[in-house]
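Text of the file entry-v2.txt, holding compact mmCIF, C-alpha atoms:
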```
# COMPACT_ATOMS: atom_id res chain seq x y z
CA MET A 21 22.94 14.11 -10.75
CA ALA A 22 21.66 12.02 -7.86
CA SER A 23 18.21 10.52 -8.46
CA SER A 24 16.60 12.68 -5.75
CA ASP A 25 17.83 15.88 -7.41
CA ARG A 26 16.85 14.62 -10.83
CA TRP A 27 13.41 13.53 -9.68
CA PHE A 28 12.92 16.91 -8.04
CA SER A 29 13.96 18.84 -11.16
CA GLU A 30 11.90 16.72 -13.55
CA GLY A 31 8.84 16.82 -11.32
CA ALA A 32 9.11 20.55 -10.66
CA GLN A 33 9.55 21.31 -14.35
CA ILE A 34 6.56 19.34 -15.58
CA PHE A 35 4.34 20.60 -12.76
CA ARG A 36 5.25 24.18 -13.66
CA ARG A 37 4.45 23.50 -17.31
CA MET A 38 1.06 22.08 -16.42
CA ASP A 39 0.33 24.90 -13.98
CA THR A 40 1.22 27.51 -16.60
CA ALA A 41 -0.95 25.72 -19.16
CA GLY A 42 -3.93 25.99 -16.81
CA LEU A 43 -4.41 22.23 -16.50
CA PHE A 44 -5.16 22.53 -12.78
CA GLY A 45 -7.81 25.21 -13.28
CA THR A 46 -6.38 27.76 -10.85
CA THR A 47 -2.69 28.49 -10.36
CA GLN A 48 -1.10 26.17 -7.82
CA LEU A 49 2.41 27.64 -7.51
CA PRO A 50 4.10 30.91 -6.55
CA GLU A 51 5.42 32.85 -9.52
CA GLY A 52 8.86 31.67 -10.64
CA GLY A 53 11.22 29.12 -9.14
CA GLU A 54 11.19 25.34 -8.85
CA TYR A 55 8.54 23.68 -6.71
CA TYR A 56 7.80 20.00 -6.23
CA PRO A 57 4.41 19.14 -4.63
CA CYS A 58 4.28 16.07 -2.41
CA PRO A 59 1.86 13.62 -4.09
CA SER A 60 0.33 12.73 -0.71
CA CYS A 61 -0.32 16.09 0.96
CA LYS A 62 0.08 18.42 -2.09
CA THR A 63 2.47 20.70 -0.14
CA ALA A 64 4.80 22.38 -2.65
CA TYR A 65 8.50 22.34 -1.68
CA SER A 66 11.01 24.74 -3.19
CA ARG A 67 14.51 23.85 -4.32
CA ASP A 68 15.81 25.24 -1.00
CA GLU A 69 13.53 22.78 0.85
CA ILE A 70 14.58 19.64 -1.03
CA SER A 71 15.91 18.18 2.23
CA GLU A 72 12.25 17.95 3.35
CA LEU A 73 11.64 15.34 0.64
CA SER A 74 12.55 11.67 0.81
CA ARG A 75 12.84 8.76 -1.60
CA GLU A 76 9.72 6.61 -1.18
CA ASP A 77 9.69 2.81 -1.46
CA VAL A 78 6.70 1.35 -3.32
CA PRO A 79 5.46 -0.93 -1.89
CA PRO A 80 7.03 -0.36 1.55
CA LYS A 81 10.57 -1.66 1.84
CA SER A 82 9.42 -4.28 4.37
CA GLN A 83 7.22 -5.70 1.61
CA GLY A 84 9.93 -5.82 -1.04
CA GLY A 85 9.56 -2.31 -2.45
CA THR A 86 12.21 -0.04 -3.97
CA PRO A 87 12.42 3.77 -4.23
CA ILE A 88 10.52 5.09 -7.26
CA LEU A 89 9.47 8.66 -6.35
CA LEU A 90 9.79 11.54 -3.89
CA THR A 91 7.30 12.32 -1.14
CA CYS A 92 7.75 14.65 1.79
CA ALA A 93 9.52 13.12 4.77
CA SER A 94 6.55 13.94 7.00
CA CYS A 95 4.10 11.93 4.87
CA ASN A 96 6.59 9.10 4.46
CA HIS A 97 7.14 8.84 8.22
CA ALA A 98 3.43 9.13 9.07
CA ALA A 99 2.50 6.40 6.60
CA GLY A 100 5.16 4.10 8.04
CA LYS A 101 3.83 4.60 11.56
CA HIS A 102 0.08 4.59 10.94
CA PHE A 103 -0.31 2.21 7.97
CA ASP A 104 2.80 0.39 6.75
CA ALA A 105 3.68 -1.06 10.16
CA HIS A 106 0.23 -2.68 10.29
CA ALA A 107 0.63 -4.06 6.76
CA ALA A 108 3.99 -5.56 7.71
CA ARG A 109 2.54 -7.28 10.78
CA ARG A 110 -0.43 -8.59 8.81
CA SER A 111 1.97 -10.02 6.22
CA VAL A 112 3.81 -11.87 8.99
CA ILE A 113 0.56 -13.62 9.96
CA HIS A 114 -0.30 -14.42 6.33
CA ASN A 115 3.15 -15.82 5.65
CA LEU A 116 2.90 -18.03 8.72
CA ALA A 117 -0.47 -19.37 7.59
CA MET A 118 0.90 -20.11 4.11
CA GLY A 119 4.17 -21.64 5.33
CA ARG A 120 6.27 -18.85 3.80
CA ASP A 121 9.31 -17.07 5.24
CA PRO A 122 10.36 -20.05 7.41
CA ARG A 123 13.07 -18.12 9.25
CA ARG A 124 10.59 -15.58 10.58
CA LYS A 125 9.51 -16.21 14.17
CA VAL A 126 5.97 -15.12 14.97
CA ARG A 127 5.03 -14.20 18.53
CA THR A 128 2.25 -16.44 19.82
CA GLU A 129 0.37 -17.68 22.85
CA PHE A 130 -0.15 -21.43 23.41
CA ASN A 131 -3.30 -22.34 25.31
CA ALA A 132 -3.72 -25.84 26.72
CA GLY A 133 -6.85 -26.26 28.83
CA GLY A 134 -6.78 -22.62 29.85
CA ALA A 135 -3.07 -22.64 30.78
CA VAL A 136 -1.35 -20.09 28.55
CA ILE A 137 2.35 -19.62 27.86
CA ARG A 138 4.03 -17.17 25.51
CA GLY A 139 6.50 -18.06 22.80
CA TYR A 140 6.86 -18.08 19.05
CA VAL A 141 6.08 -20.22 16.01
CA SER A 142 8.20 -20.79 12.93
CA HIS A 143 8.42 -23.28 10.08
CA ASP A 144 11.16 -25.78 9.31
CA PRO A 145 11.31 -28.68 6.80
CA GLN A 146 9.43 -30.92 9.25
CA GLY A 147 6.53 -28.49 9.70
CA MET A 148 5.49 -25.94 12.29
CA VAL A 149 7.76 -25.51 15.32
CA MET A 150 6.44 -24.04 18.56
CA ARG A 151 8.77 -22.81 21.28
CA GLY A 152 8.13 -21.09 24.57
CA VAL A 153 10.23 -18.16 25.74
CA PRO A 154 11.33 -18.81 29.36
CA GLU A 155 11.79 -15.17 30.29
CA GLN A 156 8.20 -14.40 29.25
CA ASN A 157 6.61 -17.13 31.37
CA SER A 158 6.69 -17.85 35.09
CA ASN A 159 7.53 -21.31 36.43
CA GLU A 160 3.92 -21.63 37.56
CA GLN A 161 2.64 -20.91 34.03
CA VAL A 162 4.97 -23.48 32.49
CA LYS A 163 4.09 -26.14 35.07
CA ALA A 164 0.35 -25.55 34.61
CA HIS A 165 0.73 -25.80 30.83
CA ILE A 166 2.67 -29.07 31.11
CA ARG A 167 0.05 -30.50 33.50
CA GLU A 168 -2.71 -29.77 31.01
CA LEU A 169 -0.74 -31.35 28.17
CA ASP A 170 -0.08 -34.43 30.31
CA LYS A 171 -3.81 -34.74 31.03
CA MET A 172 -4.52 -34.68 27.33
CA TRP A 173 -1.97 -37.38 26.58
CA ASP A 174 -3.10 -39.53 29.51
CA SER A 175 -6.72 -39.37 28.37
CA GLY A 176 -5.82 -41.19 25.18
CA ALA A 177 -7.49 -38.54 23.05
CA ASP A 178 -5.62 -36.36 20.60
CA PRO A 179 -4.28 -33.29 22.42
CA VAL A 180 -6.19 -30.12 21.61
CA PHE A 181 -4.69 -26.71 22.22
CA THR A 182 -4.84 -23.36 20.52
CA VAL A 183 -2.13 -21.17 19.05
CA LYS A 184 -2.88 -17.45 18.90
CA ALA A 185 -0.59 -15.06 17.05
CA THR A 186 0.04 -11.93 19.07
CA GLU A 187 1.45 -9.79 16.24
CA ARG A 188 -1.03 -6.93 16.60
CA PHE A 189 -2.34 -5.01 13.62
CA ILE A 190 -5.45 -3.10 12.63
CA GLU A 191 -7.01 -4.46 9.46
CA TRP A 192 -8.18 -1.20 7.90
CA ARG A 193 -4.82 0.48 8.53
CA ALA A 194 -3.04 -2.39 6.78
CA ALA A 195 -5.44 -2.08 3.83
CA VAL A 196 -4.77 1.67 3.57
CA SER A 197 -1.05 0.93 3.29
CA TRP A 198 -1.68 -1.03 0.10
CA VAL A 199 -4.04 1.59 -1.29
CA ARG A 200 -1.37 4.21 -0.65
CA ALA A 201 1.22 2.09 -2.45
CA ALA A 202 -1.12 1.75 -5.42
CA TYR A 203 -1.82 5.49 -5.43
CA LEU A 204 1.89 6.34 -5.40
CA ALA A 205 2.66 3.80 -8.14
CA SER A 206 -0.13 5.30 -10.28
CA PHE A 207 1.22 8.80 -9.72
CA THR A 208 4.73 7.66 -10.63
CA ALA A 209 3.47 6.14 -13.88
CA LEU A 210 0.93 8.78 -14.95
CA GLY A 211 1.77 11.99 -13.10
CA TRP A 212 0.14 14.94 -11.42
CA SER A 213 -2.86 15.14 -13.76
CA TYR A 214 -3.94 11.69 -12.58
CA ALA A 215 -3.05 11.86 -8.89
CA PHE A 216 -4.55 15.31 -8.26
CA ARG A 217 -7.92 14.67 -9.88
CA PRO A 218 -10.88 15.06 -7.49
CA GLU A 219 -11.87 11.39 -7.66
CA LEU A 220 -8.73 10.61 -5.65
CA ASP A 221 -9.42 13.17 -2.93
CA PRO A 222 -10.80 10.44 -0.60
CA VAL A 223 -7.46 8.61 -0.77
CA ARG A 224 -5.47 11.70 0.18
CA HIS A 225 -8.03 12.59 2.86
CA GLN A 226 -7.51 9.19 4.49
CA LEU A 227 -3.75 9.59 4.36
CA MET A 228 -3.99 13.00 6.00
CA ASN A 229 -6.40 11.71 8.67
CA PRO A 230 -4.79 8.51 9.97
CA ASP A 231 -6.67 8.40 13.27
CA SER A 232 -10.07 7.60 11.76
CA GLU A 233 -11.21 5.22 9.04
CA THR A 234 -12.69 7.27 6.21
CA LEU A 235 -11.85 5.26 3.07
CA ARG A 236 -14.07 2.43 1.92
CA ARG A 237 -12.68 -0.90 0.76
CA LEU A 238 -10.60 -0.68 -2.43
CA ALA A 239 -8.25 -3.67 -2.04
CA LEU A 240 -8.71 -7.39 -2.64
CA ILE A 241 -6.35 -10.07 -1.33
CA ASP A 242 -5.22 -13.41 -2.77
CA LEU A 243 -2.98 -15.26 -0.32
CA ASN A 244 -2.03 -17.80 -2.99
CA ALA A 245 -0.55 -15.14 -5.26
CA SER A 246 3.18 -14.58 -5.60
CA THR A 247 4.57 -11.88 -3.32
CA ASP A 248 6.63 -10.39 -6.17
CA ARG A 249 3.68 -9.68 -8.50
CA ARG A 250 3.65 -6.17 -9.98
CA GLY A 251 1.21 -4.91 -12.57
CA MET A 252 -1.02 -2.04 -13.63
CA LEU A 253 -4.02 -2.07 -15.94
CA LEU A 254 -6.43 0.66 -16.98
CA VAL A 255 -9.55 -1.51 -16.81
CA LYS A 256 -12.21 -0.84 -19.45
CA THR A 257 -14.41 -3.89 -18.99
CA PRO A 258 -16.46 -4.94 -17.18
CA GLU A 259 -17.90 -1.43 -17.18
CA GLU A 260 -18.77 -1.49 -13.47
CA LEU A 261 -15.11 -2.18 -12.60
CA ARG A 262 -13.48 0.34 -14.93
CA SER A 263 -10.55 1.61 -12.92
CA MET A 264 -6.84 1.79 -12.48
CA LEU A 265 -5.99 -1.72 -11.30
CA VAL A 266 -2.72 -1.97 -9.40
CA VAL A 267 -1.46 -5.44 -8.49
CA ILE A 268 1.19 -5.72 -5.77
CA GLY A 269 1.96 -9.15 -4.34
CA HIS A 270 -1.15 -10.60 -2.67
CA TYR A 271 -3.14 -7.41 -3.27
CA SER A 272 -5.21 -6.02 -6.13
CA ILE A 273 -6.22 -2.40 -5.61
CA LEU A 274 -8.83 -0.61 -7.73
CA LEU A 275 -8.49 3.17 -7.96
CA PRO A 276 -10.50 5.63 -10.07
CA GLY A 277 -9.49 5.34 -13.71
CA VAL A 278 -8.72 7.90 -16.39
CA THR A 279 -11.72 8.04 -18.73
CA ASP A 280 -15.10 8.77 -17.12
CA PRO A 281 -13.73 7.59 -13.76
CA LEU A 282 -15.83 5.95 -11.09
CA SER A 283 -15.59 7.45 -7.61
CA CYS A 284 -13.90 5.62 -4.75
CA LEU A 285 -17.33 4.98 -3.26
CA GLU A 286 -18.66 3.52 -6.51
CA LEU A 287 -15.62 1.29 -6.84
CA SER A 288 -15.95 0.13 -3.26
CA GLU A 289 -19.58 -0.82 -3.83
CA ALA A 290 -18.67 -2.62 -7.05
CA ILE A 291 -15.90 -4.52 -5.28
CA SER A 292 -18.38 -5.65 -2.63
CA GLN A 293 -20.73 -6.93 -5.33
CA TRP A 294 -18.01 -8.72 -7.28
CA SER A 295 -16.46 -10.17 -4.13
CA ARG A 296 -19.39 -12.46 -3.53
CA PRO A 297 -18.45 -16.15 -3.85
CA GLY A 298 -17.70 -16.99 -7.46
CA SER A 299 -18.19 -13.46 -8.79
CA LEU A 300 -14.78 -11.82 -8.98
CA ALA A 301 -13.07 -15.14 -9.65
CA ASN A 302 -15.06 -15.37 -12.88
CA ALA A 303 -14.48 -11.76 -13.89
CA THR A 304 -12.13 -11.09 -16.80
CA LEU A 305 -10.68 -7.61 -16.51
CA LYS A 306 -9.66 -6.14 -19.85
CA GLY A 307 -8.01 -2.85 -20.66
CA ASP A 308 -4.71 -1.13 -21.40
CA PRO A 309 -1.60 -2.29 -19.53
CA VAL A 310 0.55 0.37 -17.88
CA PRO A 311 4.25 -0.45 -17.39
CA TRP A 312 5.28 -0.73 -13.75
CA PRO A 313 7.36 2.39 -13.01
CA THR A 314 10.85 2.29 -11.56
CA GLN A 315 11.08 6.09 -11.56
CA PRO A 316 8.69 8.99 -12.30
CA LYS A 317 7.32 8.84 -15.86
CA TYR A 318 4.52 11.47 -15.96
CA ALA A 319 3.05 9.72 -19.01
CA MET A 320 -0.42 11.26 -18.72
CA ASP A 321 1.02 14.74 -18.05
CA GLU A 322 3.22 14.56 -21.14
CA TRP A 323 0.31 13.38 -23.25
CA LEU A 324 -1.93 16.23 -22.09
CA LEU A 325 0.77 18.85 -22.65
CA GLY A 326 1.55 17.44 -26.08
CA ARG A 327 -2.13 17.56 -27.05
CA LEU A 328 -2.41 21.17 -25.91
CA ASN A 329 0.67 22.17 -27.83
CA ARG A 330 -0.56 20.50 -31.02
CA ALA A 331 -3.85 22.33 -30.64
CA GLY A 332 -2.08 25.63 -29.95
CA GLY A 333 -4.01 25.90 -26.69
CA SER A 334 -1.20 26.78 -24.30
CA GLN A 335 1.91 28.88 -23.98
CA GLU A 336 4.52 26.89 -22.09
CA PRO A 337 7.48 28.62 -20.44
CA ASP A 338 10.94 28.14 -21.86
CA SER A 339 12.62 25.15 -20.23
```
Can the structure from this file be put into structure tokens for me?
Amino acid sequence: MASSDRWFSEGAQIFRRMDTAGLFGTTQLPEGGEYYPCPSCKTAYSRDEISELSREDVPPKSQGGTPILLTCASCNHAAGKHFDAHAARRSVIHNLAMGRDPRRKVRTEFNAGGAVIRGYVSHDPQGMVMRGVPEQNSNEQVKAHIRELDKMWDSGADPVFTVKATERFIEWRAAVSWVRAAYLASFTALGWSYAFRPELDPVRHQLMNPDSETLRRLALIDLNASTDRRGMLLVKTPEELRSMLVVIGHYSILLPGVTDPLSCLELSEAISQWSRPGSLANATLKGDPVPWPTQPKYAMDEWLLGRLNRAGGSQEPDS
């Protein structure tokens, strides 16, 4: 069975079991049949609508991700357009600053004494290489730029000019991309009972409303970190940072945890406090590690269903 079909069947089956057991409070599904809810928008898709679902890369493929779950194609496409594209462009700028990805050319503007030409910057073994693009600059622009450079050299002083990257991105949209990746990774590891809890409503609300910034800061960045870092930790201490910590490359994202969870707003405020110089760097986060998922695991769902069965508190349908 192809992974998409298998992921659909496994997800639909466990969601039906949880729905029947009353773990969502009110019934979420029509009676009978297989339904798989999209973790982002919560729309339930039937077996006949499986073509509306797509394999989702976490993190985005442009950031080294691989498919680990199903989301609806609409959510996947919208996230790519409104959030992931901005994260990809921000990564280009970060990699340039850190001397990574030397083959990648970054669009830039070179300003010498007010004379600007367009081109790109890249790295090679000798350092940073700057090149203009003739078709993007008029002869007058190039001549003016050269005149200004000549003046600098003739003056005997070190030439001073500015390089401005023109890869455009919106900071908060890029940050939401990483929060979304962390949310989807957490769902893949723990399941519906984690992802659909009310403390995560603000995350889904932001994803469903991409034209306005509604989600407070939940991500921290470390440009010196390895881009291939992956990790998850249910943080227990310090108490004010108890959360689901998801580490992806340069980013550490704190989402509401499992036991007595903090809200997104409370976590954002705690992050602001701990982000002051010297604070977070000295924090030791301790808790229970969660294996990075390569496919849906539903660990928390299975645990809850098993506890109910042992207590005789539910009647599950025959599978």
Residues within 9 Å of (9.8, -21.1, 17.6), file coordinates, counting only C-alpha atoms: what are they? Give the list as a CSV table (one decimal) with C-alpha atoms, keeping the file's coordinate frame.
```
chain,number,residue,atom,x,y,z
A,124,ARG,CA,10.6,-15.6,10.6
A,125,LYS,CA,9.5,-16.2,14.2
A,126,VAL,CA,6.0,-15.1,15.0
A,127,ARG,CA,5.0,-14.2,18.5
A,139,GLY,CA,6.5,-18.1,22.8
A,140,TYR,CA,6.9,-18.1,19.0
A,141,VAL,CA,6.1,-20.2,16.0
A,142,SER,CA,8.2,-20.8,12.9
A,143,HIS,CA,8.4,-23.3,10.1
A,148,MET,CA,5.5,-25.9,12.3
A,149,VAL,CA,7.8,-25.5,15.3
A,150,MET,CA,6.4,-24.0,18.6
A,151,ARG,CA,8.8,-22.8,21.3
A,152,GLY,CA,8.1,-21.1,24.6
A,153,VAL,CA,10.2,-18.2,25.7
```
| task | Do a neighbour search on segment 168-176 of chain A at 12 Å with all atoms listed in the file, toss out local chain neighbours closer than 3 positions, and write the hits as a PyMOL selection string. | result | chain A and resi 130-137+161-165+179-182
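If only C-alpha atoms are the atoms counted, then among A:Pro281, A:Gly84, A:Gly307, A:Gly269 the closest residue to Arg249 of chain A is A:Gly269.
Our summary of the geometry notes that atom CA of Lys306 of chain A is positioned 13.2 Å from atom CA of Val266 of chain A.
Atom pair atom CA of Gly326 of chain A / atom CA of Gly53 of chain A: separated by 22.7 Å.
Atom CA of Arg37 of chain A to atom CA of Cys284 of chain A spans 28.5 Å [interatomic distance, one decimal].
Each of A:His106, A:Lys317, A:Arg250, A:Arg262 was compared to Ile291 of chain A using all atoms listed in the file, and A:Arg262 turns out to be the nearest.
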| Which of these residues is nearest to Leu254 of chain A, using only C-alpha atoms: A:Gly45, A:Pro79, A:Gly277, A:Pro222? | A:Gly277
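You can rank A:Pro57, A:Ile190, A:Tyr318, A:Cys95 by their closest distance to Ile34 of chain A using only C-alpha atoms, and at the top of that list sits A:Tyr318.
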| segment 206-217 of chain A surroundings by only C-alpha atoms, 7 Å radius, close-in-sequence under 5 positions cut, as JSON, numbers by chain | {"A": [89, 313, 315, 316, 317, 318, 319, 320, 321]}
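Using all atoms listed in the file, the smallest distance between any of A:Leu285, A:Leu43, A:Ala32, A:Ala195 and Pro59 of chain A comes from A:Ala32.
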| request: Excluding Ala201 of chain A and residues on its chain fewer than 4 positions from it, collect all residues at most 7 Å away from it, counting only C-alpha atoms, and give them as a PyMOL selection string. | output: chain A and resi 78-79+197+205
| query | Nearest to Ala107 of chain A among A:Ala177, A:Ala194, A:Ile166, A:Ile88, with distances taken over all atoms listed in the file: which residue is it? | reply | A:Ala194
